[in-house]
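Content type mmCIF, C-alpha atoms and all ligand atoms, from the file model_5.cif:
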```cif
data_start
#
loop_
_atom_site.label_atom_id
_atom_site.label_comp_id
_atom_site.auth_asym_id
_atom_site.auth_seq_id
_atom_site.Cartn_x
_atom_site.Cartn_y
_atom_site.Cartn_z
CA MET D 1 -14.84 11.11 18.29
CA ARG D 2 -14.83 7.34 17.97
CA ALA D 3 -11.61 5.58 17.10
CA ALA D 4 -10.22 2.05 17.00
CA ARG D 5 -6.99 2.14 18.98
CA LEU D 6 -4.30 -0.51 19.31
CA TYR D 7 -3.18 -1.03 22.93
CA GLY D 8 -0.88 -4.00 22.38
CA PRO D 9 -0.79 -7.39 20.66
CA ALA D 10 -4.33 -8.57 19.78
CA ASP D 11 -5.87 -5.65 21.70
CA ILE D 12 -7.83 -3.11 19.65
CA ARG D 13 -10.51 -1.07 21.44
CA VAL D 14 -13.17 1.05 19.76
CA GLU D 15 -13.65 3.98 22.10
CA GLU D 16 -14.59 7.63 22.49
CA ILE D 17 -11.56 9.94 22.57
CA PRO D 18 -10.90 13.69 22.11
CA GLY D 19 -10.74 14.77 18.47
CA PRO D 20 -8.02 16.88 16.85
CA PRO D 21 -7.60 20.62 17.50
CA GLU D 22 -8.71 23.35 15.08
CA PRO D 23 -6.67 23.12 11.90
CA GLY D 24 -3.86 25.64 11.39
CA PRO D 25 -3.91 27.93 8.32
CA ARG D 26 -2.43 25.23 6.04
CA GLN D 27 -4.10 22.23 7.69
CA ALA D 28 -7.48 20.51 7.42
CA VAL D 29 -9.60 18.10 9.43
CA VAL D 30 -11.10 15.21 7.48
CA THR D 31 -13.46 12.34 8.25
CA PRO D 32 -12.29 8.99 6.86
CA LEU D 33 -14.91 7.29 4.69
CA TRP D 34 -13.31 3.94 3.84
CA SER D 35 -10.10 2.83 5.49
CA GLY D 36 -8.14 -0.27 4.43
CA ILE D 37 -6.41 -2.78 6.69
CA CYS D 38 -2.82 -3.30 5.52
CA GLY D 39 -0.30 -6.08 6.16
CA THR D 40 1.72 -3.51 8.09
CA ASP D 41 -1.24 -3.00 10.46
CA ILE D 42 -1.50 -6.76 10.95
CA LYS D 43 2.19 -6.93 11.91
CA GLU D 44 1.59 -4.22 14.53
CA TYR D 45 -1.48 -6.13 15.78
CA THR D 46 0.37 -9.41 16.14
CA GLY D 47 3.32 -7.75 17.89
CA HIS D 48 5.74 -8.29 14.99
CA GLY D 49 5.60 -4.72 13.79
CA GLY D 50 8.33 -2.24 14.36
CA SER D 51 6.69 0.42 12.18
CA ALA D 52 5.01 2.15 15.12
CA GLU D 53 7.10 4.41 17.35
CA SER D 54 8.36 3.64 20.84
CA THR D 55 10.07 7.02 21.40
CA ALA D 56 8.79 10.52 20.56
CA HIS D 57 8.76 10.84 16.77
CA PRO D 58 11.03 13.70 15.66
CA LEU D 59 8.44 15.07 13.21
CA THR D 60 5.12 14.50 14.98
CA GLY D 61 6.26 14.08 18.59
CA TYR D 62 3.96 11.09 18.80
CA THR D 63 4.85 8.10 20.93
CA GLY D 64 3.60 4.59 20.51
CA LEU D 65 0.50 3.16 22.15
CA PRO D 66 -2.41 3.50 22.19
CA LEU D 67 -2.26 4.01 18.44
CA ILE D 68 -4.97 4.80 15.90
CA LEU D 69 -3.89 2.60 12.99
CA GLY D 70 -4.94 3.19 9.36
CA HIS D 71 -2.86 4.78 6.57
CA GLU D 72 -4.96 3.77 3.52
CA PHE D 73 -8.09 5.91 3.42
CA SER D 74 -10.46 8.12 1.53
CA ALA D 75 -12.07 10.97 3.45
CA ARG D 76 -14.46 13.90 3.39
CA VAL D 77 -13.10 17.35 4.19
CA ASP D 78 -14.73 18.78 7.35
CA GLU D 79 -12.75 21.92 8.15
CA VAL D 80 -10.07 23.79 6.24
CA GLY D 81 -7.49 26.31 7.43
CA SER D 82 -7.71 29.94 6.30
CA GLU D 83 -4.98 29.64 3.64
CA ILE D 84 -6.44 26.60 1.86
CA THR D 85 -8.31 27.70 -1.24
CA ASP D 86 -8.12 24.73 -3.64
CA VAL D 87 -9.99 22.23 -1.43
CA LYS D 88 -13.29 22.99 0.28
CA VAL D 89 -15.49 21.53 3.01
CA GLY D 90 -17.43 18.53 1.68
CA ASP D 91 -14.85 17.56 -0.96
CA GLU D 92 -13.87 13.89 -1.01
CA VAL D 93 -10.16 13.14 -1.04
CA ALA D 94 -7.58 10.41 -0.87
CA VAL D 95 -5.22 11.19 1.99
CA TYR D 96 -1.50 11.05 1.16
CA PRO D 97 -0.43 9.65 4.53
CA LEU D 98 3.29 10.30 4.23
CA LEU D 99 4.34 13.26 6.39
CA HIS D 100 7.73 14.76 5.68
CA CYS D 101 9.95 17.52 7.08
CA GLY D 102 10.51 19.50 3.88
CA ALA D 103 14.06 20.44 4.89
CA CYS D 104 16.32 17.36 4.85
CA PRO D 105 18.51 16.48 1.83
CA ALA D 106 15.94 13.95 0.55
CA CYS D 107 13.02 16.38 0.89
CA LEU D 108 15.01 19.09 -0.88
CA ARG D 109 15.36 16.65 -3.78
CA GLY D 110 11.59 16.00 -3.64
CA GLU D 111 12.16 12.42 -2.46
CA TYR D 112 9.73 12.58 0.47
CA GLN D 113 9.49 8.78 0.75
CA ILE D 114 13.05 8.72 2.09
CA CYS D 115 12.78 11.86 4.23
CA ARG D 116 15.12 11.48 7.20
CA ILE D 117 12.25 11.94 9.67
CA LYS D 118 9.21 10.93 7.64
CA ALA D 119 6.09 9.89 9.54
CA TRP D 120 2.87 8.13 8.61
CA ASN D 121 -0.69 8.71 9.67
CA GLY D 122 -1.72 5.52 11.39
CA LEU D 123 1.80 4.53 12.50
CA SER D 124 3.79 7.51 13.75
CA SER D 125 1.20 10.26 14.14
CA PRO D 126 -1.60 10.89 16.68
CA TRP D 127 -4.14 10.57 13.85
CA GLY D 128 -5.00 7.55 11.73
CA GLY D 129 -7.63 6.27 9.33
CA PHE D 130 -9.48 4.21 11.94
CA GLY D 131 -10.51 7.35 13.84
CA GLU D 132 -13.47 9.56 12.86
CA LYS D 133 -11.33 12.70 12.52
CA VAL D 134 -7.84 13.16 11.11
CA LEU D 135 -5.80 16.36 11.18
CA VAL D 136 -3.83 16.62 7.92
CA GLU D 137 -1.46 19.02 6.21
CA HIS D 138 -2.53 20.77 3.03
CA TYR D 139 -0.25 18.64 0.82
CA GLN D 140 -1.97 15.47 2.07
CA LEU D 141 -5.30 16.29 0.38
CA SER D 142 -5.73 14.71 -3.06
CA PRO D 143 -9.24 15.41 -4.40
CA LEU D 144 -10.91 12.26 -5.75
CA ASN D 145 -12.51 14.11 -8.70
CA GLY D 146 -14.33 11.20 -10.28
CA ILE D 147 -12.76 8.35 -8.28
CA SER D 148 -15.12 6.52 -5.90
CA ALA D 149 -14.48 6.66 -2.16
CA VAL D 150 -13.94 2.87 -2.21
CA ALA D 151 -11.24 3.11 -4.89
CA GLY D 152 -9.92 6.18 -3.05
CA ALA D 153 -9.09 3.98 -0.06
CA VAL D 154 -6.97 1.75 -2.31
CA ILE D 155 -4.94 4.59 -3.85
CA GLU D 156 -2.28 4.24 -1.14
CA PRO D 157 -1.32 0.56 -1.67
CA ALA D 158 -1.79 1.06 -5.43
CA ALA D 159 0.78 3.88 -5.28
CA VAL D 160 3.21 1.51 -3.52
CA ALA D 161 2.70 -0.93 -6.41
CA LEU D 162 2.95 1.65 -9.20
CA ASN D 163 6.08 3.09 -7.61
CA ALA D 164 7.67 -0.38 -7.45
CA VAL D 165 6.72 -1.15 -11.05
CA GLN D 166 8.03 2.18 -12.32
CA ARG D 167 11.26 1.98 -10.34
CA VAL D 168 12.06 -1.49 -11.64
CA GLY D 169 11.37 -0.23 -15.16
CA VAL D 170 8.33 -2.13 -16.48
CA GLY D 171 7.54 -0.81 -19.94
CA PRO D 172 5.46 -1.53 -23.05
CA GLY D 173 5.62 -5.12 -24.26
CA ASP D 174 7.53 -6.45 -21.25
CA SER D 175 7.03 -9.88 -19.76
CA VAL D 176 6.72 -9.68 -15.98
CA PHE D 177 6.63 -12.31 -13.24
CA ILE D 178 5.08 -11.53 -9.87
CA ALA D 179 5.57 -13.89 -6.94
CA GLY D 180 2.56 -13.70 -4.63
CA ALA D 181 -0.96 -12.33 -5.14
CA GLY D 182 -1.63 -10.53 -1.89
CA ALA D 183 -2.86 -6.96 -2.21
CA ILE D 184 0.53 -5.62 -3.28
CA GLY D 185 1.07 -8.50 -5.74
CA VAL D 186 -2.30 -7.98 -7.44
CA LEU D 187 -1.82 -4.20 -7.47
CA CYS D 188 1.66 -4.67 -9.01
CA MET D 189 0.01 -6.82 -11.67
CA LEU D 190 -2.54 -4.08 -12.42
CA ALA D 191 0.19 -1.41 -12.41
CA ALA D 192 2.35 -3.51 -14.76
CA LYS D 193 -0.55 -3.93 -17.17
CA ALA D 194 -1.32 -0.20 -16.97
CA SER D 195 2.36 0.40 -17.80
CA GLY D 196 2.02 -1.67 -20.97
CA ALA D 197 3.32 -5.10 -19.96
CA ALA D 198 2.32 -7.69 -22.55
CA HIS D 199 2.36 -10.67 -20.19
CA VAL D 200 2.10 -10.67 -16.40
CA TYR D 201 2.69 -14.13 -14.93
CA VAL D 202 1.63 -14.58 -11.32
CA PHE D 203 2.31 -17.40 -8.90
CA GLU D 204 -0.28 -17.82 -6.14
CA LEU D 205 -1.48 -21.03 -4.50
CA ASN D 206 -4.62 -19.65 -2.79
CA PRO D 207 -7.44 -20.58 -5.22
CA LYS D 208 -9.59 -17.48 -4.56
CA ARG D 209 -6.71 -15.09 -5.08
CA ALA D 210 -5.62 -17.07 -8.14
CA ALA D 211 -9.13 -16.76 -9.59
CA LEU D 212 -9.03 -12.99 -9.09
CA VAL D 213 -5.66 -12.81 -10.84
CA GLU D 214 -7.15 -14.56 -13.86
CA ARG D 215 -10.25 -12.40 -13.84
CA LEU D 216 -8.06 -9.30 -13.91
CA GLY D 217 -6.01 -10.50 -16.87
CA GLY D 218 -2.99 -12.07 -15.17
CA GLU D 219 -1.52 -15.38 -16.39
CA LEU D 220 -1.28 -17.91 -13.60
CA VAL D 221 1.78 -20.08 -13.17
CA PRO D 222 0.12 -23.50 -12.76
CA ASP D 223 0.29 -25.09 -9.30
CA ALA D 224 1.98 -28.10 -10.93
CA ALA D 225 4.95 -25.88 -11.81
CA LYS D 226 5.51 -24.79 -8.21
CA ASP D 227 8.77 -26.70 -7.85
CA ASP D 228 10.18 -25.27 -11.05
CA ILE D 229 8.74 -21.81 -11.63
CA PRO D 230 11.83 -20.60 -13.53
CA GLY D 231 11.58 -23.64 -15.84
CA TYR D 232 7.93 -22.88 -16.57
CA LEU D 233 8.63 -19.19 -17.25
CA MET D 234 11.55 -20.12 -19.56
CA GLN D 235 9.08 -22.18 -21.63
CA GLN D 236 6.73 -19.20 -21.85
CA THR D 237 9.49 -16.84 -22.97
CA ASP D 238 11.32 -18.85 -25.66
CA GLY D 239 13.92 -20.05 -23.17
CA LEU D 240 14.95 -16.53 -22.22
CA GLY D 241 13.29 -15.66 -18.91
CA VAL D 242 11.04 -12.72 -18.06
CA ASP D 243 12.18 -9.11 -18.51
CA ILE D 244 11.23 -8.18 -14.98
CA ALA D 245 10.40 -10.17 -11.85
CA ILE D 246 8.86 -8.78 -8.68
CA ASP D 247 8.98 -10.32 -5.20
CA ALA D 248 5.59 -9.40 -3.74
CA ALA D 249 5.56 -12.26 -1.23
CA GLY D 250 8.45 -11.45 1.09
CA LYS D 251 9.39 -15.12 1.45
CA PRO D 252 12.77 -16.74 0.69
CA ALA D 253 11.31 -19.20 -1.83
CA ALA D 254 9.59 -16.39 -3.71
CA ASN D 255 12.80 -14.41 -3.83
CA GLU D 256 14.68 -17.44 -5.13
CA ALA D 257 12.10 -17.95 -7.89
CA VAL D 258 12.23 -14.28 -8.81
CA VAL D 259 16.04 -14.18 -9.09
CA ALA D 260 16.09 -17.40 -11.14
CA SER D 261 13.32 -16.34 -13.56
CA VAL D 262 14.74 -13.11 -14.97
CA ARG D 263 16.42 -13.03 -18.35
CA PRO D 264 20.04 -11.88 -18.62
CA GLY D 265 20.05 -8.09 -18.43
CA GLY D 266 16.66 -8.02 -16.69
CA ALA D 267 15.61 -6.48 -13.41
CA ILE D 268 14.24 -7.60 -10.05
CA GLY D 269 11.92 -5.48 -7.90
CA ILE D 270 11.52 -6.00 -4.17
CA PRO D 271 8.67 -3.95 -2.69
CA SER D 272 7.81 -6.69 -0.16
CA VAL D 273 9.04 -6.48 3.42
CA HIS D 274 10.88 -9.66 4.39
CA PRO D 275 10.70 -10.52 8.10
CA GLY D 276 14.48 -11.02 8.23
CA PRO D 277 17.67 -11.38 6.15
CA ILE D 278 17.75 -14.04 3.42
CA THR D 279 20.53 -15.50 1.30
CA PHE D 280 20.63 -15.77 -2.46
CA ASP D 281 23.21 -16.59 -5.07
CA VAL D 282 24.76 -13.20 -5.77
CA ARG D 283 26.82 -14.70 -8.62
CA ARG D 284 23.62 -14.77 -10.65
CA LEU D 285 23.44 -10.99 -10.51
CA THR D 286 26.99 -10.59 -11.75
CA ARG D 287 26.99 -13.23 -14.46
CA ASN D 288 23.56 -12.30 -15.81
CA ASP D 289 24.00 -8.55 -15.58
CA LEU D 290 20.90 -8.18 -13.39
CA THR D 291 19.57 -5.09 -11.66
CA VAL D 292 17.95 -5.28 -8.20
CA VAL D 293 15.64 -2.45 -7.15
CA GLY D 294 14.17 -2.01 -3.68
CA SER D 295 11.34 0.42 -3.11
CA VAL D 296 9.57 1.91 -0.13
CA GLY D 297 6.29 3.82 -0.22
CA TYR D 298 6.01 6.05 -3.29
CA THR D 299 7.32 9.18 -4.83
CA ARG D 300 4.87 12.08 -5.04
CA ARG D 301 4.93 11.55 -8.79
CA ALA D 302 3.88 7.89 -8.43
CA TRP D 303 1.09 8.96 -6.03
CA ASP D 304 -0.26 11.52 -8.50
CA LYS D 305 0.04 9.10 -11.45
CA THR D 306 -1.90 6.48 -9.47
CA LEU D 307 -4.80 8.92 -9.17
CA GLU D 308 -4.58 9.75 -12.89
CA LEU D 309 -4.48 6.10 -13.98
CA THR D 310 -7.45 5.31 -11.74
CA ARG D 311 -9.45 8.25 -13.10
CA ALA D 312 -8.63 7.14 -16.65
CA GLY D 313 -10.07 3.68 -15.91
CA LEU D 314 -6.69 1.94 -16.25
CA LEU D 315 -6.43 0.76 -12.61
CA PRO D 316 -9.59 -1.10 -11.50
CA LEU D 317 -8.88 -0.64 -7.78
CA GLU D 318 -12.35 -1.58 -6.51
CA SER D 319 -11.76 -5.10 -7.84
CA ILE D 320 -9.30 -5.92 -5.05
CA VAL D 321 -11.73 -5.01 -2.25
CA THR D 322 -13.06 -8.35 -0.99
CA ALA D 323 -14.93 -7.22 2.17
CA LYS D 324 -16.45 -4.07 3.68
CA ILE D 325 -17.04 -3.94 7.42
CA GLU D 326 -18.11 -1.47 10.12
CA LEU D 327 -15.76 0.11 12.68
CA ASP D 328 -17.30 -1.99 15.49
CA GLU D 329 -16.40 -5.13 13.55
CA ILE D 330 -12.76 -4.17 13.01
CA THR D 331 -11.34 -6.90 15.25
CA ALA D 332 -13.68 -9.85 14.61
CA LYS D 333 -14.25 -9.32 10.89
CA GLY D 334 -11.03 -7.46 10.13
CA PHE D 335 -7.81 -7.98 12.06
CA ASP D 336 -8.62 -11.48 13.34
CA VAL D 337 -9.51 -12.62 9.82
CA LEU D 338 -6.21 -11.36 8.40
CA THR D 339 -4.03 -12.72 11.20
CA VAL D 340 -4.43 -16.24 9.82
CA PRO D 341 -4.03 -17.30 6.16
CA SER D 342 -7.09 -15.83 4.47
CA ASP D 343 -8.87 -15.52 1.14
CA GLU D 344 -9.44 -11.82 1.77
CA LEU D 345 -7.31 -9.44 -0.24
CA LYS D 346 -8.34 -6.00 0.97
CA ILE D 347 -10.81 -5.38 3.79
CA LEU D 348 -12.18 -1.84 4.01
CA VAL D 349 -13.62 -0.41 7.21
CA ARG D 350 -16.41 2.17 7.10
CA VAL D 351 -15.23 4.74 9.61
CA GLY D 352 -17.11 8.04 9.69
CA GLY D 353 -20.18 8.23 7.55
CA GLU D 354 -21.43 7.76 4.05
CA ALA D 355 -19.55 8.73 0.94
CA VAL D 356 -21.45 10.58 -1.74
CA THR D 357 -19.49 8.79 -4.45
CA ALA D 358 -19.82 5.15 -3.33
ZN ZN F 401 -0.23 -0.12 3.74
ZN ZN F 402 12.71 15.44 5.06
#
```
Could you show the structure in this file as structure tokens?
Ligand SMILES: [Zn+2]
Ligand SMILES: [Zn+2]
Amino acid sequence: MRAARLYGPADIRVEEIPGPPEPGPRQAVVTPLWSGICGTDIKEYTGHGGSAESTAHPLTGYTGLPLILGHEFSARVDEVGSEITDVKVGDEVAVYPLLHCGACPACLRGEYQICRIKAWNGLSSPWGGFGEKVLVEHYQLSPLNGISAVAGAVIEPAAVALNAVQRVGVGPGDSVFIAGAGAIGVLCMLAAKASGAAHVYVFELNPKRAALVERLGGELVPDAAKDDIPGYLMQQTDGLGVDIAIDAAGKPAANEAVVASVRPGGAIGIPSVHPGPITFDVRRLTRNDLTVVGSVGYTRRAWDKTLELTRAGLLPLESIVTAKIELDEITAKGFDVLTVPSDELKILVRVGGEAVTA
């Protein structure tokens, strides 16, 4: 099969490699249709990652490089194991890329996203979305059933966003501030609106991303307010502050704005991955009775709800796809574009053939 494999910083090679073995009774082999490039992939590509393994992974046994990246993908089912009866060859699916052990305390509580030895396709497994074949477990197959293969490739980051929005408690009528309109920021905005938020304010300086935010119903914090975002948001909320603020930028200034913009009793969500420790005035949390909620990946419930919301037309996921490229173009038109500040929000790579649905 063909696969794009990462060999080291700035070194991705599209090459012919052996495909996966026959699936076991509760496994399947799928062919990725569209596969998204994520910020996490870019960090691996630039050598600032840390998500890929350097020693044998306790769940998958897989070690480091070369690595088939890609954890955000839709796929067509090619082969199914003998015990799989609810998914058949030819079905189109979103692949739930989070592998878990099923036996640790977190898994026994159903909290697979914090499994002690969780692994990801595309980071800590031999198989990833930028290869033409992926061996998956039965529980990783989520039939698209009415969702396009393009939107299906965005289910994964959308689930990250919905999980963050649900964990921080966005509800009907809330005012929400989101710092940063990268893919996760825009998806958090869509998830907040789908959860009933009345106003979603977004700060983003890139004009193309800002235009998309407006098109999708977000309310932009004007560039002129960039030195006093909390002041601007106070004006919009009768001097109170927003109910919920989300740091989707992973930068100290964004975090500062988020902490300073929440009303007393409100909550702060941090789904972004900061490159290092930051400082903030912890007295604000105490005096204003604030809640801070981190989030990683998604619960199974958030994953399933993301599919349901998309099917119901409440999450327009295709709208964040700004480019579609071929596997051979993955470096020049994909990774190299996203390594520098870019207008692109989500680039999808066509990996292994045509989808019926898109
Ligand atoms: Zn991702
Ligand atoms: Zn576990």
Problem - Pairwise distance for CA of Thr63 in chain D and CA of Glu79 in chain D, rounded to one decimal in Å - result: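 Atom-to-atom, CA of Thr63 in chain D and CA of Glu79 in chain D are spaced 25.8 Å apart.
Taking only C-alpha atoms and all ligand atoms into account, the protein and nucleic acid residues that come at most 8 Å from ligand ZN 402 (chain F) are His100, Cys101, Gly102, Ala103, Cys104, Pro105, Ala106, Cys107, Leu108, Tyr112, Ile114, Cys115, Arg116, Ile117 and Lys118 of chain D.
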Handout entry: Straight-line distance linking CA of Tyr298 in chain D with CA of Leu141 in chain D, stated in Å to one decimal
Key =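 The value is 15.7 Å.
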Handout entry: Expected selection as an MDAnalysis selection string for ligand ZN 401 (chain F) within 12 Å, all atoms listed in the file
Key = chainID D and resid 35:44 51 69:73 96:98 120:123 129 153:161 182:184 271:273 296:298 346:347
Write the residues of the preceding selection, restricted to C-alpha atoms, as a compact mmCIF listing (two decimals), in the frame of the given file.
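Ended up saving to again-v1.txt:
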```txt
# COMPACT_ATOMS: atom_id res chain seq x y z
CA SER D 35 -10.10 2.83 5.49
CA GLY D 36 -8.14 -0.27 4.43
CA ILE D 37 -6.41 -2.78 6.69
CA CYS D 38 -2.82 -3.30 5.52
CA GLY D 39 -0.30 -6.08 6.16
CA THR D 40 1.72 -3.51 8.09
CA ASP D 41 -1.24 -3.00 10.46
CA ILE D 42 -1.50 -6.76 10.95
CA LYS D 43 2.19 -6.93 11.91
CA GLU D 44 1.59 -4.22 14.53
CA SER D 51 6.69 0.42 12.18
CA LEU D 69 -3.89 2.60 12.99
CA GLY D 70 -4.94 3.19 9.36
CA HIS D 71 -2.86 4.78 6.57
CA GLU D 72 -4.96 3.77 3.52
CA PHE D 73 -8.09 5.91 3.42
CA TYR D 96 -1.50 11.05 1.16
CA PRO D 97 -0.43 9.65 4.53
CA LEU D 98 3.29 10.30 4.23
CA TRP D 120 2.87 8.13 8.61
CA ASN D 121 -0.69 8.71 9.67
CA GLY D 122 -1.72 5.52 11.39
CA LEU D 123 1.80 4.53 12.50
CA GLY D 129 -7.63 6.27 9.33
CA ALA D 153 -9.09 3.98 -0.06
CA VAL D 154 -6.97 1.75 -2.31
CA ILE D 155 -4.94 4.59 -3.85
CA GLU D 156 -2.28 4.24 -1.14
CA PRO D 157 -1.32 0.56 -1.67
CA ALA D 158 -1.79 1.06 -5.43
CA ALA D 159 0.78 3.88 -5.28
CA VAL D 160 3.21 1.51 -3.52
CA ALA D 161 2.70 -0.93 -6.41
CA GLY D 182 -1.63 -10.53 -1.89
CA ALA D 183 -2.86 -6.96 -2.21
CA ILE D 184 0.53 -5.62 -3.28
CA PRO D 271 8.67 -3.95 -2.69
CA SER D 272 7.81 -6.69 -0.16
CA VAL D 273 9.04 -6.48 3.42
CA VAL D 296 9.57 1.91 -0.13
CA GLY D 297 6.29 3.82 -0.22
CA TYR D 298 6.01 6.05 -3.29
CA LYS D 346 -8.34 -6.00 0.97
CA ILE D 347 -10.81 -5.38 3.79
```
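From CA of Gly152 in chain D back to CA of Gln27 in chain D, the distance works out to 20.2 Å.
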Kindly assemble as JSON lines a list of the range 222-250 of chain D residues that lie within 10 Å of range 289-294 of chain D, each paired with its nearest atom pair and their distance in Å to one decimal, using only C-alpha atoms, sorted first by chain and then by ascending residue number.
```
{"residue": "D:Ile244", "atom": "CA", "partner": "D:Thr291", "partner_atom": "CA", "distance": 9.5}
{"residue": "D:Ala245", "atom": "CA", "partner": "D:Val292", "partner_atom": "CA", "distance": 9.7}
{"residue": "D:Ile246", "atom": "CA", "partner": "D:Val293", "partner_atom": "CA", "distance": 9.4}
{"residue": "D:Asp247", "atom": "CA", "partner": "D:Gly294", "partner_atom": "CA", "distance": 9.9}
```
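Using all atoms listed in the file, the shortest contact distance between Ala164 in chain D and any of D:Val351, D:Ala3, D:Val95, D:Ile270 is found at D:Ile270.
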Practice task
For Ile330 in chain D, list every protein, DNA or RNA residue within 12 Å, evaluated using all atoms listed in the file, and leave out those in the same chain fewer than 3 positions away; present the list as a PyMOL selection string.
Solution key: chain D and resi 3-6+10-14+35-37+41-42+45+69-70+130-131+323-327+333-338+347-351
Completion exercise
Nearest to Leu187 in chain D, restricted to only C-alpha atoms and choosing among D:Val340, D:Ile320, D:Val202, D:Ala210, comes out as D:Ile320
Problem - Shortest interatomic distance to Tyr232 in chain D - which of D:Ala257, D:Ile84, D:Leu99, D:Leu345, counting only C-alpha atoms - result: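 Using only C-alpha atoms, the shortest distance to Tyr232 in chain D belongs to D:Ala257.
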Handout entry: Distance query Val258 in chain D at most 8 Å, all atoms listed in the file, self and fewer than 3 positions along chain excluded, as a ChimeraX atom specification
Key = /D:177-179,230,245-247,254-255,261-262,268
Please rebuild range 9-14 of chain D with all heavy atoms and return the result as a short mmCIF file (atom, residue, chain, number, x, y, z; two decimals), in the coordinates of the input.
```cif
data_model
loop_
_atom_site.label_atom_id
_atom_site.label_comp_id
_atom_site.auth_asym_id
_atom_site.auth_seq_id
_atom_site.Cartn_x
_atom_site.Cartn_y
_atom_site.Cartn_z
N PRO D 9 -0.47 -6.25 21.51
CA PRO D 9 -0.79 -7.39 20.66
C PRO D 9 -2.23 -7.88 20.86
O PRO D 9 -2.68 -8.05 22.00
CB PRO D 9 0.22 -8.45 21.09
CG PRO D 9 1.38 -7.65 21.60
CD PRO D 9 0.78 -6.43 22.24
N ALA D 10 -2.97 -8.04 19.78
CA ALA D 10 -4.33 -8.57 19.78
C ALA D 10 -5.28 -7.77 20.66
O ALA D 10 -6.24 -8.32 21.21
CB ALA D 10 -4.33 -10.05 20.17
N ASP D 11 -5.02 -6.48 20.83
CA ASP D 11 -5.87 -5.65 21.70
C ASP D 11 -6.20 -4.33 21.00
O ASP D 11 -5.47 -3.35 21.11
CB ASP D 11 -5.14 -5.41 23.03
CG ASP D 11 -5.98 -4.61 24.02
OD1 ASP D 11 -7.17 -4.33 23.72
OD2 ASP D 11 -5.46 -4.28 25.11
N ILE D 12 -7.34 -4.33 20.27
CA ILE D 12 -7.83 -3.11 19.65
C ILE D 12 -9.15 -2.75 20.33
O ILE D 12 -10.03 -3.61 20.49
CB ILE D 12 -8.06 -3.30 18.13
CG1 ILE D 12 -6.70 -3.38 17.42
CG2 ILE D 12 -8.87 -2.13 17.55
CD1 ILE D 12 -6.79 -3.57 15.93
N ARG D 13 -9.28 -1.50 20.77
CA ARG D 13 -10.51 -1.07 21.44
C ARG D 13 -11.14 0.09 20.67
O ARG D 13 -10.46 1.05 20.35
CB ARG D 13 -10.19 -0.61 22.87
CG ARG D 13 -9.48 -1.69 23.68
CD ARG D 13 -9.10 -1.18 25.05
NE ARG D 13 -8.00 -1.98 25.59
CZ ARG D 13 -7.30 -1.66 26.67
NH1 ARG D 13 -7.58 -0.55 27.36
NH2 ARG D 13 -6.31 -2.44 27.08
N VAL D 14 -12.44 -0.05 20.38
CA VAL D 14 -13.17 1.05 19.76
C VAL D 14 -13.72 1.89 20.89
O VAL D 14 -14.50 1.41 21.72
CB VAL D 14 -14.30 0.53 18.86
CG1 VAL D 14 -15.09 1.69 18.26
CG2 VAL D 14 -13.73 -0.36 17.74
#
```
